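Q: Pasting upload.txt below, which is compact mmCIF, C-alpha atoms.
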# COMPACT_ATOMS: atom_id res chain seq x y z
CA MET A 18 -11.89 1.30 19.67
CA SER A 19 -8.78 -0.31 21.22
CA GLY A 20 -9.11 0.99 24.78
CA PRO A 21 -11.73 2.15 27.26
CA GLN A 22 -14.13 4.86 26.19
CA VAL A 23 -16.34 7.44 27.89
CA ALA A 24 -19.54 8.18 25.98
CA ILE A 25 -20.87 11.64 26.84
CA ASP A 26 -24.52 12.60 26.48
CA LEU A 27 -24.37 16.31 25.69
CA GLY A 28 -28.16 16.57 25.66
CA ARG A 29 -28.37 15.58 29.32
CA ILE A 30 -25.64 18.03 30.27
CA GLU A 31 -27.45 20.86 28.49
CA ARG A 32 -30.78 20.00 30.14
CA ASN A 33 -29.15 19.74 33.57
CA ALA A 34 -27.51 23.12 33.09
CA ARG A 35 -30.81 24.66 32.07
CA ALA A 36 -32.63 23.19 35.08
CA VAL A 37 -30.01 24.58 37.50
CA VAL A 38 -29.80 27.97 35.76
CA ASP A 39 -33.58 28.43 35.64
CA ARG A 40 -34.04 27.55 39.31
CA ALA A 41 -31.12 29.73 40.41
CA ALA A 42 -32.50 32.68 38.41
CA LEU A 43 -35.63 32.65 40.56
CA SER A 44 -33.38 33.63 43.48
CA GLY A 45 -31.36 36.16 41.52
CA ILE A 46 -28.36 33.85 41.20
CA LYS A 47 -26.16 33.40 38.15
CA VAL A 48 -24.39 30.10 37.56
CA PHE A 49 -20.88 29.46 36.31
CA GLY A 50 -20.53 25.96 34.86
CA VAL A 51 -17.50 24.09 36.22
CA THR A 52 -15.87 22.09 33.42
CA LYS A 53 -12.90 20.55 35.24
CA GLY A 54 -14.79 17.26 35.73
CA SER A 55 -14.77 16.88 31.95
CA CYS A 56 -11.13 18.00 31.63
CA GLY A 57 -12.31 21.19 29.96
CA LEU A 58 -13.82 19.38 26.99
CA PRO A 59 -15.11 22.12 24.65
CA GLN A 60 -18.19 20.11 23.62
CA VAL A 61 -19.21 19.82 27.28
CA ALA A 62 -18.57 23.53 27.83
CA ARG A 63 -20.76 24.44 24.86
CA ALA A 64 -23.55 22.20 26.19
CA MET A 65 -23.40 24.11 29.47
CA LEU A 66 -23.47 27.42 27.63
CA ARG A 67 -26.49 26.29 25.60
CA GLY A 68 -28.10 25.51 28.96
CA GLY A 69 -27.67 29.15 29.97
CA VAL A 70 -24.68 29.34 32.32
CA ALA A 71 -23.27 32.87 32.65
CA GLY A 72 -19.69 31.68 32.26
CA LEU A 73 -17.34 28.77 32.78
CA ALA A 74 -15.09 27.90 35.72
CA GLU A 75 -11.88 25.89 35.46
CA SER A 76 -8.90 25.03 37.63
CA ARG A 77 -6.31 23.98 35.01
CA PHE A 78 -4.52 26.22 32.54
CA GLU A 79 -4.35 23.41 30.00
CA ASN A 80 -8.13 23.15 30.03
CA ILE A 81 -8.57 26.92 29.78
CA ARG A 82 -6.24 26.99 26.80
CA ARG A 83 -8.24 24.18 25.20
CA LEU A 84 -11.47 26.12 25.69
CA ARG A 85 -10.06 29.35 24.27
CA GLU A 86 -8.43 27.63 21.29
CA SER A 87 -11.78 26.03 20.44
CA GLY A 88 -13.27 29.50 20.02
CA ILE A 89 -15.10 29.81 23.34
CA GLY A 90 -15.07 33.49 24.30
CA CYS A 91 -17.41 33.60 27.32
CA PRO A 92 -16.18 34.74 30.75
CA ILE A 93 -13.91 32.14 32.37
CA MET A 94 -13.23 31.97 36.10
CA LEU A 95 -10.00 30.41 37.39
CA LEU A 96 -10.88 28.28 40.40
CA ARG A 97 -7.38 27.63 41.72
CA SER A 98 -4.88 30.34 42.53
CA PRO A 99 -1.86 30.08 40.21
CA PRO A 100 1.79 29.55 41.11
CA LEU A 101 3.78 32.75 40.84
CA SER A 102 5.41 31.49 37.65
CA ARG A 103 2.07 31.43 35.81
CA VAL A 104 0.49 34.68 36.95
CA GLU A 105 0.92 36.30 33.53
CA GLU A 106 -1.13 33.49 31.96
CA VAL A 107 -3.94 34.29 34.40
CA VAL A 108 -4.01 37.94 33.41
CA ARG A 109 -3.98 37.13 29.71
CA THR A 110 -6.48 34.23 29.56
CA VAL A 111 -9.13 34.47 32.29
CA ASP A 112 -11.63 37.12 33.28
CA ILE A 113 -11.68 36.56 37.05
CA SER A 114 -9.66 34.40 39.42
CA LEU A 115 -10.23 33.17 42.97
CA GLN A 116 -7.51 34.49 45.27
CA SER A 117 -6.56 34.20 48.92
CA GLU A 118 -2.81 34.93 49.07
CA LEU A 119 -1.63 38.54 49.14
CA GLU A 120 1.76 37.76 47.56
CA ILE A 121 0.09 36.30 44.46
CA ILE A 122 -2.32 39.24 44.25
CA ARG A 123 0.66 41.60 44.32
CA GLU A 124 2.18 39.73 41.39
CA LEU A 125 -1.15 39.87 39.54
CA SER A 126 -1.08 43.64 40.07
CA ARG A 127 2.47 43.94 38.73
CA ILE A 128 1.77 41.87 35.61
CA ALA A 129 -1.59 43.53 34.93
CA GLN A 130 0.03 46.97 35.03
CA ARG A 131 2.77 45.83 32.67
CA VAL A 132 0.33 44.53 30.04
CA GLY A 133 -2.11 47.41 30.50
CA ARG A 134 -5.02 45.49 32.00
CA VAL A 135 -7.13 45.40 35.14
CA HIS A 136 -7.65 41.86 36.45
CA ASP A 137 -10.75 40.97 38.48
CA ILE A 138 -10.30 38.86 41.58
CA MET A 139 -12.71 37.10 43.91
CA LEU A 140 -11.34 36.98 47.43
CA MET A 141 -11.99 33.61 49.04
CA VAL A 142 -12.94 33.36 52.71
CA ASP A 143 -12.38 30.17 54.72
CA LEU A 144 -15.60 29.41 56.59
CA GLY A 145 -14.32 26.22 58.20
CA ASP A 146 -13.68 23.70 55.41
CA LEU A 147 -9.95 24.49 55.78
CA ARG A 148 -8.98 24.41 52.14
CA GLU A 149 -8.12 27.76 50.51
CA GLY A 150 -9.35 31.05 51.89
CA ILE A 151 -8.50 34.08 53.97
CA TRP A 152 -9.20 33.52 57.66
CA PRO A 153 -12.11 35.82 58.63
CA ASN A 154 -10.04 37.84 61.12
CA ASP A 155 -7.60 38.70 58.34
CA LEU A 156 -10.18 39.61 55.69
CA LEU A 157 -10.52 43.35 56.17
CA PRO A 158 -6.75 43.98 56.60
CA THR A 159 -6.19 42.00 53.39
CA VAL A 160 -8.83 44.05 51.57
CA GLU A 161 -7.12 47.27 52.68
CA ARG A 162 -3.82 46.08 51.20
CA VAL A 163 -5.42 44.93 47.94
CA LEU A 164 -7.12 48.32 47.51
CA GLU A 165 -3.68 49.88 47.37
CA LEU A 166 -2.67 47.74 44.39
CA PRO A 167 -3.26 49.05 40.85
CA GLY A 168 -4.18 46.61 38.08
CA VAL A 169 -6.47 44.43 40.21
CA ARG A 170 -10.10 44.93 41.18
CA ILE A 171 -11.98 43.18 43.96
CA ALA A 172 -14.97 41.93 41.99
CA GLY A 173 -16.36 39.47 44.48
CA LEU A 174 -16.19 37.48 47.68
CA GLY A 175 -16.60 33.72 47.79
CA THR A 176 -16.13 30.56 49.76
CA ASN A 177 -15.59 26.88 49.17
CA LEU A 178 -17.20 24.14 51.25
CA THR A 179 -17.38 20.30 51.33
CA CYS A 180 -14.39 19.70 49.03
CA PHE A 181 -11.77 19.10 51.73
CA GLY A 182 -13.19 19.14 55.23
CA ALA A 183 -16.67 17.97 54.14
CA ILE A 184 -18.22 20.98 55.90
CA MET A 185 -21.67 21.50 54.46
CA PRO A 186 -23.12 24.85 53.41
CA THR A 187 -25.69 26.07 55.94
CA GLU A 188 -27.78 29.17 56.41
CA GLU A 189 -25.42 30.11 59.23
CA ASN A 190 -22.09 29.92 57.43
CA LEU A 191 -23.42 31.45 54.19
CA ASN A 192 -25.01 34.28 56.16
CA GLN A 193 -21.52 34.87 57.52
CA LEU A 194 -20.25 35.15 53.93
CA VAL A 195 -22.94 37.72 53.08
CA ALA A 196 -22.08 39.69 56.23
CA TYR A 197 -18.40 39.72 55.28
CA ALA A 198 -19.34 40.92 51.79
CA TYR A 199 -21.27 43.86 53.26
CA LYS A 200 -18.26 44.76 55.43
CA VAL A 201 -15.95 44.67 52.40
CA GLU A 202 -18.33 46.91 50.42
CA ARG A 203 -18.51 49.45 53.26
CA LEU A 204 -14.74 49.45 53.75
CA ALA A 205 -13.90 49.72 50.05
CA GLY A 206 -16.81 51.94 49.05
CA ILE A 207 -17.69 49.55 46.23
CA SER A 208 -20.50 47.24 45.16
CA LEU A 209 -19.28 43.69 44.64
CA ASP A 210 -20.26 42.02 41.39
CA TRP A 211 -20.30 38.57 42.94
CA VAL A 212 -20.98 36.95 46.28
CA SER A 213 -20.32 33.31 45.44
CA GLY A 214 -21.94 30.83 47.78
CA GLY A 215 -20.04 27.71 46.78
CA ASN A 216 -20.57 24.70 44.56
CA SER A 217 -23.18 22.01 43.91
CA SER A 218 -23.38 21.27 47.63
CA SER A 219 -25.22 24.59 48.08
CA LEU A 220 -28.07 23.54 45.78
CA PRO A 221 -30.15 21.78 48.49
CA LEU A 222 -30.36 25.13 50.30
CA LEU A 223 -31.43 26.75 47.04
CA LEU A 224 -34.26 24.25 46.54
CA GLU A 225 -35.40 24.75 50.14
CA ASN A 226 -35.36 28.55 49.69
CA LYS A 227 -32.79 28.77 52.49
CA LEU A 228 -29.92 30.29 50.54
CA PRO A 229 -29.31 33.70 52.13
CA ALA A 230 -30.28 36.82 50.23
CA GLY A 231 -27.12 38.44 48.96
CA ILE A 232 -25.68 35.28 47.41
CA ASN A 233 -25.75 35.91 43.66
CA ASN A 234 -23.38 33.29 42.24
CA LEU A 235 -22.83 29.54 42.40
CA ARG A 236 -20.08 27.49 40.76
CA ILE A 237 -21.78 24.29 39.60
CA GLY A 238 -20.09 21.21 38.18
CA GLU A 239 -21.29 17.90 39.66
CA ALA A 240 -25.01 18.68 39.47
CA ILE A 241 -24.72 19.56 35.78
CA LEU A 242 -22.34 16.78 34.79
CA GLN A 243 -23.83 14.01 36.93
CA GLY A 244 -27.33 15.20 37.70
CA GLY A 245 -26.59 15.69 41.39
CA TYR A 246 -25.98 11.98 41.97
CA GLU A 247 -23.67 12.81 44.88
CA THR A 248 -25.18 16.17 45.84
CA PHE A 249 -28.71 14.83 46.34
CA ARG A 250 -27.94 11.44 47.87
CA GLU A 251 -31.17 10.97 49.79
CA GLU A 252 -33.74 12.81 47.66
CA PRO A 253 -32.79 13.36 44.00
CA TRP A 254 -33.66 16.60 42.23
CA LYS A 255 -36.22 15.22 39.79
CA GLU A 256 -35.43 17.72 37.02
CA LEU A 257 -31.81 16.55 36.81
CA GLU A 258 -30.72 13.55 34.77
CA PHE A 259 -28.11 11.02 35.85
CA ASN A 260 -25.62 9.14 33.70
CA ALA A 261 -24.47 11.70 31.18
CA PHE A 262 -21.15 9.84 31.20
CA ARG A 263 -20.68 6.11 30.62
CA LEU A 264 -17.38 4.21 30.75
CA THR A 265 -17.10 1.15 28.51
CA GLY A 266 -14.38 -1.46 28.06
CA ASP A 267 -13.86 -4.83 26.38
CA LEU A 268 -13.65 -8.24 28.02
CA ILE A 269 -10.21 -9.65 27.22
CA GLU A 270 -10.44 -12.81 29.34
CA VAL A 271 -13.33 -14.94 30.60
CA LYS A 272 -12.55 -18.02 32.72
CA VAL A 273 -13.87 -20.03 35.65
CA LYS A 274 -11.47 -19.56 38.56
CA PRO A 275 -11.49 -19.92 42.35
CA SER A 276 -12.77 -16.86 44.19
CA LEU A 277 -9.98 -17.12 46.79
CA PRO A 278 -6.37 -16.51 45.66
CA ILE A 279 -4.01 -19.44 46.19
CA GLY A 280 -0.72 -19.12 48.07
CA GLU A 281 0.89 -16.88 50.69
CA SER A 282 -0.80 -13.49 50.86
CA GLY A 283 1.16 -10.23 50.84
CA TYR A 284 0.64 -6.73 49.45
CA ASP A 285 -0.79 -5.90 46.04
CA ALA A 286 0.81 -3.56 43.50
CA PHE A 287 -0.57 -0.53 45.33
CA GLY A 288 0.56 -1.44 48.83
CA ASN A 289 -2.79 -2.81 49.98
CA GLN A 290 -3.69 -6.13 51.59
CA PRO A 291 -6.92 -7.15 49.85
CA VAL A 292 -9.46 -9.35 51.57
CA PHE A 293 -11.34 -12.01 49.59
CA ILE A 294 -14.40 -14.13 50.40
CA ASP A 295 -14.42 -17.76 49.39
CA GLU A 296 -17.46 -18.21 47.13
CA GLY A 297 -16.14 -21.27 45.36
CA ASP A 298 -15.44 -21.32 41.65
CA ARG A 299 -16.85 -18.33 39.79
CA LEU A 300 -16.88 -17.08 36.21
CA ARG A 301 -14.50 -14.14 36.15
CA GLY A 302 -13.96 -11.57 33.42
CA ILE A 303 -11.11 -9.16 32.87
CA ALA A 304 -11.80 -5.84 31.14
CA ASN A 305 -9.21 -3.54 29.60
CA ILE A 306 -9.72 -0.86 32.26
CA GLY A 307 -7.38 -0.22 35.18
CA ARG A 308 -6.37 2.20 37.87
CA GLU A 309 -4.36 4.10 35.28
CA ASP A 310 -7.69 4.87 33.60
CA THR A 311 -10.09 5.64 36.44
CA MET A 312 -10.85 5.36 40.16
CA ILE A 313 -12.11 1.79 40.29
CA GLU A 314 -13.99 2.23 43.56
CA GLY A 315 -16.28 4.70 41.82
CA LEU A 316 -17.54 2.32 39.12
CA VAL A 317 -21.08 0.94 39.13
CA PRO A 318 -21.68 -1.83 36.54
CA ILE A 319 -24.54 -1.27 34.14
CA ASN A 320 -24.64 -4.86 32.89
CA PRO A 321 -27.03 -6.78 35.19
CA GLY A 322 -25.34 -9.36 37.41
CA VAL A 323 -21.80 -7.98 37.04
CA ARG A 324 -19.69 -7.23 40.12
CA VAL A 325 -16.40 -5.36 40.39
CA LEU A 326 -13.86 -7.42 42.35
CA GLY A 327 -10.83 -5.17 42.04
CA ALA A 328 -8.20 -3.91 39.67
CA SER A 329 -4.52 -3.50 38.96
CA SER A 330 -3.07 -0.68 36.86
CA ASP A 331 -4.36 -2.17 33.57
CA HIS A 332 -6.83 -4.96 34.43
CA LEU A 333 -10.34 -4.71 35.90
CA VAL A 334 -11.40 -8.03 37.45
CA LEU A 335 -15.13 -8.75 37.40
CA ASP A 336 -17.42 -11.50 38.64
CA ILE A 337 -19.71 -12.22 35.69
CA THR A 338 -21.21 -15.51 36.88
CA ASP A 339 -24.69 -14.00 37.14
CA ALA A 340 -24.41 -11.63 34.17
CA GLU A 341 -27.56 -11.43 32.08
CA PRO A 342 -27.20 -11.99 29.20
CA PRO A 343 -24.06 -14.14 29.59
CA LEU A 344 -20.80 -12.46 28.63
CA VAL A 345 -17.89 -13.80 26.58
CA VAL A 346 -14.54 -12.50 25.38
CA GLY A 347 -15.04 -9.52 23.08
CA ASP A 348 -18.24 -8.33 24.76
CA ARG A 349 -18.45 -4.79 26.09
CA VAL A 350 -19.05 -3.97 29.74
CA SER A 351 -20.25 -0.54 30.81
CA PHE A 352 -20.20 1.46 34.03
CA HIS A 353 -21.70 4.53 35.61
CA MET A 354 -19.12 6.62 37.48
CA ASN A 355 -19.12 8.70 40.61
CA TYR A 356 -17.41 12.10 40.50
CA GLY A 357 -13.98 10.74 41.43
CA ALA A 358 -14.12 8.05 38.75
CA LEU A 359 -15.37 10.57 36.18
CA LEU A 360 -12.61 13.04 37.00
CA THR A 361 -9.84 10.44 36.62
CA ALA A 362 -11.32 8.83 33.49
CA MET A 363 -11.63 12.18 31.74
CA THR A 364 -8.07 13.07 32.74
CA SER A 365 -6.55 9.79 31.54
CA GLU A 366 -5.01 10.00 28.08
CA TYR A 367 -5.70 6.29 27.67
CA VAL A 368 -9.47 6.71 27.76
CA GLU A 369 -11.18 7.80 24.54
CA LYS A 370 -13.79 10.55 24.94
CA ALA A 371 -16.85 10.30 22.68
CA PRO A 372 -19.25 13.28 22.93
CA MET A 373 -22.63 12.29 21.50
CA HIS A 374 -24.85 14.98 19.96
CA ASP A 375 -28.62 15.23 20.05
CA ILE A 376 -29.34 12.03 21.93
CA ALA A 377 -33.12 11.83 22.36
CA ASP A 378 -34.59 12.12 25.81
CA PHE A 379 -36.42 9.04 27.00
CA THR A 380 -37.47 7.17 30.11
CA GLY A 381 -35.91 3.76 30.55
CA ARG A 382 -33.83 1.78 28.08
CA ARG A 383 -34.74 0.69 24.56
CA MET A 384 -34.01 -2.57 22.79
CA VAL A 385 -32.92 -2.99 19.20
CA SER A 386 -32.48 -6.35 17.49
CA ILE A 387 -29.98 -6.70 14.66
CA VAL A 388 -30.19 -9.69 12.33
CA ALA A 389 -27.29 -10.13 9.90
CA ASP A 390 -25.91 -12.98 7.83
CA GLU A 391 -22.25 -13.96 7.87
CA THR A 392 -21.33 -11.72 4.93
CA ALA A 393 -22.78 -8.61 6.59
CA GLY A 394 -21.04 -9.25 9.93
CA PRO A 395 -17.60 -7.89 8.94
CA LEU A 396 -19.15 -4.68 7.58
CA LEU A 397 -21.11 -4.13 10.81
CA ALA A 398 -17.93 -4.78 12.79
CA LYS A 399 -15.95 -2.27 10.75
CA GLN A 400 -18.56 0.43 11.37
CA SER A 401 -18.96 -0.50 15.10
CA VAL A 402 -22.75 -0.45 14.69
CA GLY A 403 -23.51 -2.23 17.96
CA THR A 404 -21.12 -0.06 19.94
CA ARG A 405 -22.61 3.13 18.55
CA LEU A 406 -26.12 2.00 19.41
CA GLU A 407 -25.05 1.13 22.96
CA GLN A 408 -23.54 4.60 23.34
CA MET A 409 -26.99 5.94 22.46
CA GLN A 410 -28.32 3.79 25.34
CA PHE A 411 -29.92 1.04 23.30
CA ASP A 412 -29.71 -2.55 24.48
CA VAL A 413 -28.51 -4.46 21.45
CA ALA A 414 -29.83 -7.99 20.99
CA CYS A 415 -28.39 -10.46 18.48
CA PRO A 416 -30.78 -13.37 17.83
CA ASN A 417 -29.16 -16.83 17.80
CA ARG A 418 -25.84 -15.33 18.97
CA ARG A 419 -24.37 -15.52 22.42
CA SER A 420 -22.09 -12.67 21.53
CA ARG A 421 -21.62 -10.30 18.69
CA PRO A 422 -18.39 -9.28 16.99
CA TRP A 423 -19.66 -5.75 16.27
Starting from the file, lay out its structure as structure tokens.
A:
Amino acid sequence: MSGPQVAIDLGRIERNARAVVDRAALSGIKVFGVTKGSCGLPQVARAMLRGGVAGLAESRFENIRRLRESGIGCPIMLLRSPPLSRVEEVVRTVDISLQSELEIIRELSRIAQRVGRVHDIMLMVDLGDLREGIWPNDLLPTVERVLELPGVRIAGLGTNLTCFGAIMPTEENLNQLVAYAYKVERLAGISLDWVSGGNSSSLPLLLENKLPAGINNLRIGEAILQGGYETFREEPWKELEFNAFRLTGDLIEVKVKPSLPIGESGYDAFGNQPVFIDEGDRLRGIANIGREDTMIEGLVPINPGVRVLGASSDHLVLDITDAEPPLVVGDRVSFHMNYGALLTAMTSEYVEKAPMHDIADFTGRRMVSIVADETAGPLLAKQSVGTRLEQMQFDVACPNRRSRPW
């Protein structure tokens, strides 16, 4: 491996999906697994499907194409309304799309008629988060206009919360969504397939049995991919597992240097004025990870005693003075990632993605000790034995070695 790598535990993703799906089913709710956090990786999508999700949800055409070309034929929901130039791709590749703009729905109607299809849409209502969505006062007039259009069918009503304005789902605003759905059904004389009550941020209401009756769909990504690390900040959902994704890089420099930069201070490469604390001389490491690879602020070091100091586009600067065991050039350093860091790392073409199959479930970490003579070392290095074991969440110990070359 020449660059950073994300190791992906497909077993954890499958178990997280199953935990969410099973709990949602008790309330009559079906879950669509959101794959955009994994850049539409087919292996991740299949893990979600094995966990029981009713379909997949994506925002990028490139990811949808990747899923379809891999042979995945389940229902796919398009999360972001398309530009007018790509409406035909929506009609041909996805089963349902989230829509809020009448002009785009008209174009969907035109294209669907031309190709002889009926395209399902879920009308999005803005309940205060101020991202996409029809303003409530305009909902029924919009529905009336959509009902006049052939080739499209109103299959559901939904909303999005927390993603832009950080407005949390509540019993009050989701009851509003259910009320709007009833009004749409009465006006149109139809029964909606879906009333979609949002994303992972709605799961706390589900666990508290406070999700309003009438909600029958959730679009879940973070809780499945990351075990609800950001959704359940104060009280984790015990059935969900963290750390299905792990970012790893190599140390390419290790030196003792002052902790305070020397000279006249200005702006860094990204227009910021960093602030440093004088801690004296410290052992600093540089890893081959940068802002072109991930969102640095979202990294949490796994190696004990390691601190993230900052990064440029290609270099991650670490304080490794207190690292245990000590680190040297060539050693690997690993990180857990928040959702922002995960999203950017999976999107970066410079980061290798390594889905791992059938990783055993266990509590805590396990240690393996490898003893090899000098002739066996090159063979172990060629096969990356130590790296593979670390990706399976073993701590690899090398007796009588401060570092290992493999």
Q: Suppose you want the space between CA of Arg82 (chain A) and CA of Val111 (chain A); what is it in Å?
A: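 For CA of Arg82 (chain A) relative to CA of Val111 (chain A), the distance reads 9.7 Å.
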Q: Kindly indicate which residue among A:Arg250, A:Arg263, A:Lys47, A:Arg170 lies nearest to Leu209 (chain A), using only C-alpha atoms for the distances.
A: A:Arg170
Q: Could you check how far CA of Val104 (chain A) sits from CA of Gly72 (chain A), in Å to one decimal?
A: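 CA of Gly72 (chain A) lies at a distance of 20.9 Å from CA of Val104 (chain A).
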Q: Between A:Gly88, A:Gly231, A:Gly20, A:Gly245, which is the closest to Tyr199 (chain A) once you count only C-alpha atoms?
A: A:Gly231
Q: Quick one: of A:Arg103, A:Arg405, A:Arg162, A:Arg299, who's nearest to Glu118 (chain A), counting only C-alpha atoms?
A: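 Nearest candidate to Glu118 (chain A) out of A:Arg103, A:Arg405, A:Arg162, A:Arg299: A:Arg162.
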Q: So how far away is CA of Arg349 (chain A) from CA of Val317 (chain A), in Å?
A: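 Computing it gives 14.5 Å between the two atoms.
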Q: Counting all atoms listed in the file, what is within 12 Å of Ala172 (chain A), bar same-chain residues fewer than 4 positions away, as a list in words?
A: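 With the cut-off at 12 Å, the set is Met94, Asp112, Ile113, Ser114, Leu115, Gln116, Val135, His136, Asp137, Ile138, Met139, Leu140, Met141, Val160, Val163, Leu164, Ala198, Val201, Glu202, Ala205, Ile207, Ser208, Leu209, Asp210, Trp211, Val212 and Ser213 of chain A.
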Q: Counting only C-alpha atoms, which of A:Ile337, A:Ile122, A:Ala196, A:Met312 gets nearest to Arg324 (chain A)?
A: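 Closest to Arg324 (chain A) of all the choices is A:Ile337.
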Q: Smallest atom-to-atom distance to Asn226 (chain A): which of A:Arg308, A:Arg40, A:Arg35, A:Lys53, using all atoms listed in the file?
A: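 When distances to Asn226 (chain A) are compared using all atoms listed in the file, the smallest one comes from A:Arg40.
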Q: Find, counting only C-alpha atoms, the residue in A:Gly322, A:Gly266, A:Gly175, A:Gly182 that gets nearest to Leu147 (chain A).
A: A:Gly182
Q: List every protein, DNA or RNA residue that has at least one atom no more than 7 Å from (-17.1, -2.3, 29.9) in the file's coordinates, counting only C-alpha atoms, and write the result as a list in words.
A: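 Counting only C-alpha atoms, I find these residues within 7 Å of (-17.1, -2.3, 29.9): Leu264, Thr265, Gly266, Asp267, Ala304, Arg349, Val350, Ser351 and Phe352 of chain A.
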Q: Using all atoms listed in the file, determine which residues lie at most 12 Å from Pro100 (chain A), disregarding the query and same-chain residues fewer than 2 positions distant; provide the list as a PyMOL selection string.
A: chain A and resi 77-78+97-98+102-107+116+118+120-122+124-125
Q: Write out as a ChimeraX atom specification the residues lying within 7 Å of region 340-343 of chain A, counting only C-alpha atoms and excluding same-chain residues fewer than 5 positions away.
A: /A:320-323
Q: Could you pull the residues within 8 Å of Ser55 (chain A), counting all atoms listed in the file, minus those fewer than 3 positions along the same chain, as a list in words?
A: Thr52, Leu58, Val61, Leu359, Leu360, Met363 and Thr364 of chain A
Q: Reconstruct N, CA and C atoms of region 275-288 of chain A from the incomplete input and present them as an mmCIF file, in the coordinates of the input.
A:
data_model
loop_
_atom_site.group_PDB
_atom_site.id
_atom_site.type_symbol
_atom_site.label_atom_id
_atom_site.label_comp_id
_atom_site.auth_asym_id
_atom_site.auth_seq_id
_atom_site.Cartn_x
_atom_site.Cartn_y
_atom_site.Cartn_z
ATOM 1 N N PRO A 275 -11.105 -20.002 40.939
ATOM 2 C CA PRO A 275 -11.490 -19.920 42.350
ATOM 3 C C PRO A 275 -11.681 -18.463 42.752
ATOM 4 N N SER A 276 -12.536 -18.235 43.722
ATOM 5 C CA SER A 276 -12.770 -16.860 44.190
ATOM 6 C C SER A 276 -11.752 -16.443 45.241
ATOM 7 N N LEU A 277 -10.980 -17.407 45.764
ATOM 8 C CA LEU A 277 -9.980 -17.120 46.790
ATOM 9 C C LEU A 277 -8.592 -17.352 46.199
ATOM 10 N N PRO A 278 -7.723 -16.317 46.187
ATOM 11 C CA PRO A 278 -6.370 -16.510 45.660
ATOM 12 C C PRO A 278 -5.631 -17.626 46.387
ATOM 13 N N ILE A 279 -4.712 -18.262 45.691
ATOM 14 C CA ILE A 279 -4.010 -19.440 46.190
ATOM 15 C C ILE A 279 -2.564 -19.077 46.498
ATOM 16 N N GLY A 280 -2.099 -19.375 47.702
ATOM 17 C CA GLY A 280 -0.720 -19.120 48.070
ATOM 18 C C GLY A 280 -0.615 -18.173 49.248
ATOM 19 N N GLU A 281 0.636 -17.780 49.567
ATOM 20 C CA GLU A 281 0.890 -16.880 50.690
ATOM 21 C C GLU A 281 0.507 -15.463 50.314
ATOM 22 N N SER A 282 -0.281 -14.824 51.157
ATOM 23 C CA SER A 282 -0.800 -13.490 50.860
ATOM 24 C C SER A 282 0.167 -12.409 51.323
ATOM 25 N N GLY A 283 0.310 -11.363 50.490
ATOM 26 C CA GLY A 283 1.160 -10.230 50.840
ATOM 27 C C GLY A 283 0.464 -8.933 50.497
ATOM 28 N N TYR A 284 1.187 -8.027 49.854
ATOM 29 C CA TYR A 284 0.640 -6.730 49.450
ATOM 30 C C TYR A 284 0.445 -6.724 47.936
ATOM 31 N N ASP A 285 -0.593 -6.008 47.482
ATOM 32 C CA ASP A 285 -0.790 -5.900 46.040
ATOM 33 C C ASP A 285 0.106 -4.810 45.464
ATOM 34 N N ALA A 286 -0.070 -4.508 44.177
ATOM 35 C CA ALA A 286 0.810 -3.560 43.500
ATOM 36 C C ALA A 286 0.687 -2.146 44.037
ATOM 37 N N PHE A 287 -0.350 -1.873 44.821
ATOM 38 C CA PHE A 287 -0.570 -0.530 45.330
ATOM 39 C C PHE A 287 -0.395 -0.446 46.843
ATOM 40 N N GLY A 288 0.252 -1.460 47.411
ATOM 41 C CA GLY A 288 0.560 -1.440 48.830
ATOM 42 C C GLY A 288 -0.584 -1.813 49.737
#
